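Undergrad: Before we start, here is the structure in question, set down as structure tokens.
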Amino acid sequence: MKNGQLEKQTMSTTRPLIVGGCSFSYSDLRIYKEHGIFAWPRIVAEELDMELIELSQPGASNPYIENVLTDAILEYKDKNPVVIAYWSVPNRINCFDFYPDKCDENTKIFNPWGNEPEYLPYYCVVNSLRCIWRTKTFAKQHGIEFYHDLSGCWAVPYNLTYANSTSSTRKESWLAIRSKIRKNWYFRNLEFSMKLIEEGAIFSEIPDDGHPDQAAHEKIAEEFIHKYNHD
């Protein structure tokens, strides 16, 4: 996004493909260029012969993704767009929510939780699930074709710290957190499994980096193309 305007990357003159996400969906990420990786949004746009409108930003939070996709749906709703959201890690709060024109991929993420009380992982997840449900519902209300999934960086904050702790109190807290998530209205009204909520998508990674490699990007693209073709 530049100067308050939606940035376009034209790949065809046909149906718009609007993509929102974090670095897992950001085609121009430096590490992808260094490894010659053709990112999944471009693969999908090329395969489906659509015009790619890429709104992803490295380090983006789920509220940010919701905001840019909401704006894009309103702007492009009369052009029959396809919208894809690839949701980010739940505990992100960063400058993209407030100053998108002043951030770049090297901007450090602001994590306000620190050594958070034990209930905060639950609220991080619910906050993101709320964003996800609202975005999906908003697209549906406007008759927009919408697809989404949880990215490889999604995970319940500090779930391994809780689950693998030698402290019985921490293990009990983790079980309580999982139980609360299962009972939450947004979780019960979205299609994600508890396993996916806990771990996020698992794909092959760029060595010593953590971002998806070329095989992973092709797999992600394949899954979204499959959803599009079988909707």
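Residues in the structure tokens are numbered from 1 in each chain, the chains being A, B, ... in the order shown, and ligands are numbered from 1 in the order shown.
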If you count only C-alpha atoms, which residues fall within 10 Å of Glu66 of chain A, apart from same-chain ones fewer than 5 positions away, as a list in words?
TA: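 After dropping sequence-adjacent residues, the list is Gly20, Gly21, Ser61, Asp71, Ala72, Ala85, Trp87, Ser128, Arg130, Cys131, Ile132, Trp133, Arg134, Thr135, Lys136 and Phe138 of chain A.
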Undergrad: Mind checking which residues fall within 8 Å of Val83 of chain A, counting only C-alpha atoms, ignoring those fewer than 6 positions away in the same chain, and posting them as JSON, numbers by chain?
TA: {"A": [17, 18, 19, 69, 73, 144, 145, 146, 147]}
Undergrad: Could the residues in this selection be saved with C-alpha atoms as an mmCIF file, in the first residue's frame?
TA:
```cif
data_model
loop_
_atom_site.group_PDB
_atom_site.id
_atom_site.type_symbol
_atom_site.label_atom_id
_atom_site.label_comp_id
_atom_site.auth_asym_id
_atom_site.auth_seq_id
_atom_site.Cartn_x
_atom_site.Cartn_y
_atom_site.Cartn_z
ATOM 1 C CA LEU A 17 -7.215 -11.830 -7.299
ATOM 2 C CA ILE A 18 -6.821 -10.000 -3.976
ATOM 3 C CA VAL A 19 -4.360 -11.566 -1.511
ATOM 4 C CA LEU A 69 -9.060 -6.899 2.755
ATOM 5 C CA ILE A 73 -13.578 -5.723 -0.988
ATOM 6 C CA ILE A 144 -17.387 -12.072 -2.858
ATOM 7 C CA GLU A 145 -15.669 -15.385 -3.573
ATOM 8 C CA PHE A 146 -13.440 -15.882 -0.510
ATOM 9 C CA TYR A 147 -10.824 -18.487 0.454
#
```
Undergrad: Compile the contact shell of segment 55-57 of chain A as a ChimeraX atom specification: residues with an atom at most 7 Å away, counting only C-alpha atoms, same-chain residues fewer than 2 positions apart removed.
TA: /A:1,19-23,25-26,53,59-60,68
Undergrad: In Å, with one decimal, what is the gap from atom CA of Asp49 of chain A to atom CA of Asn229 of chain A?
TA: 13.2 Å
Undergrad: Could you list, as a ChimeraX atom specification, every residue within 12 Å of segment 202-217 of chain A, counting only C-alpha atoms and ignoring same-chain residues fewer than 4 positions away?
TA: /A:22-27,29-44,58,149-155,195-198,221-224
Undergrad: Need to verify the contact set: Ile181 of chain A, 9 Å, only C-alpha atoms, exclusion of same-chain residues closer than 6 positions in sequence. Can you return it as a ChimeraX atom specification?
TA: /A:122,125-126,187-188,194
Undergrad: By how many Å are atom CA of Pro81 of chain A and atom CA of Ser193 of chain A apart?
TA: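 Those two atoms sit 27.4 Å apart.
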Undergrad: Taking only C-alpha atoms into account, which of A:Asn127, A:Thr14, A:Thr137, A:Asn189 comes nearest Asn80 of chain A?
TA: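 For Asn80 of chain A, the nearest of the candidates is A:Thr14.
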Undergrad: Report, in Å to a single decimal, how far apart atom CA of Tyr186 of chain A and atom CA of Glu199 of chain A are.
TA: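 Separation between atom CA of Glu199 of chain A and atom CA of Tyr186 of chain A: 17.8 Å.
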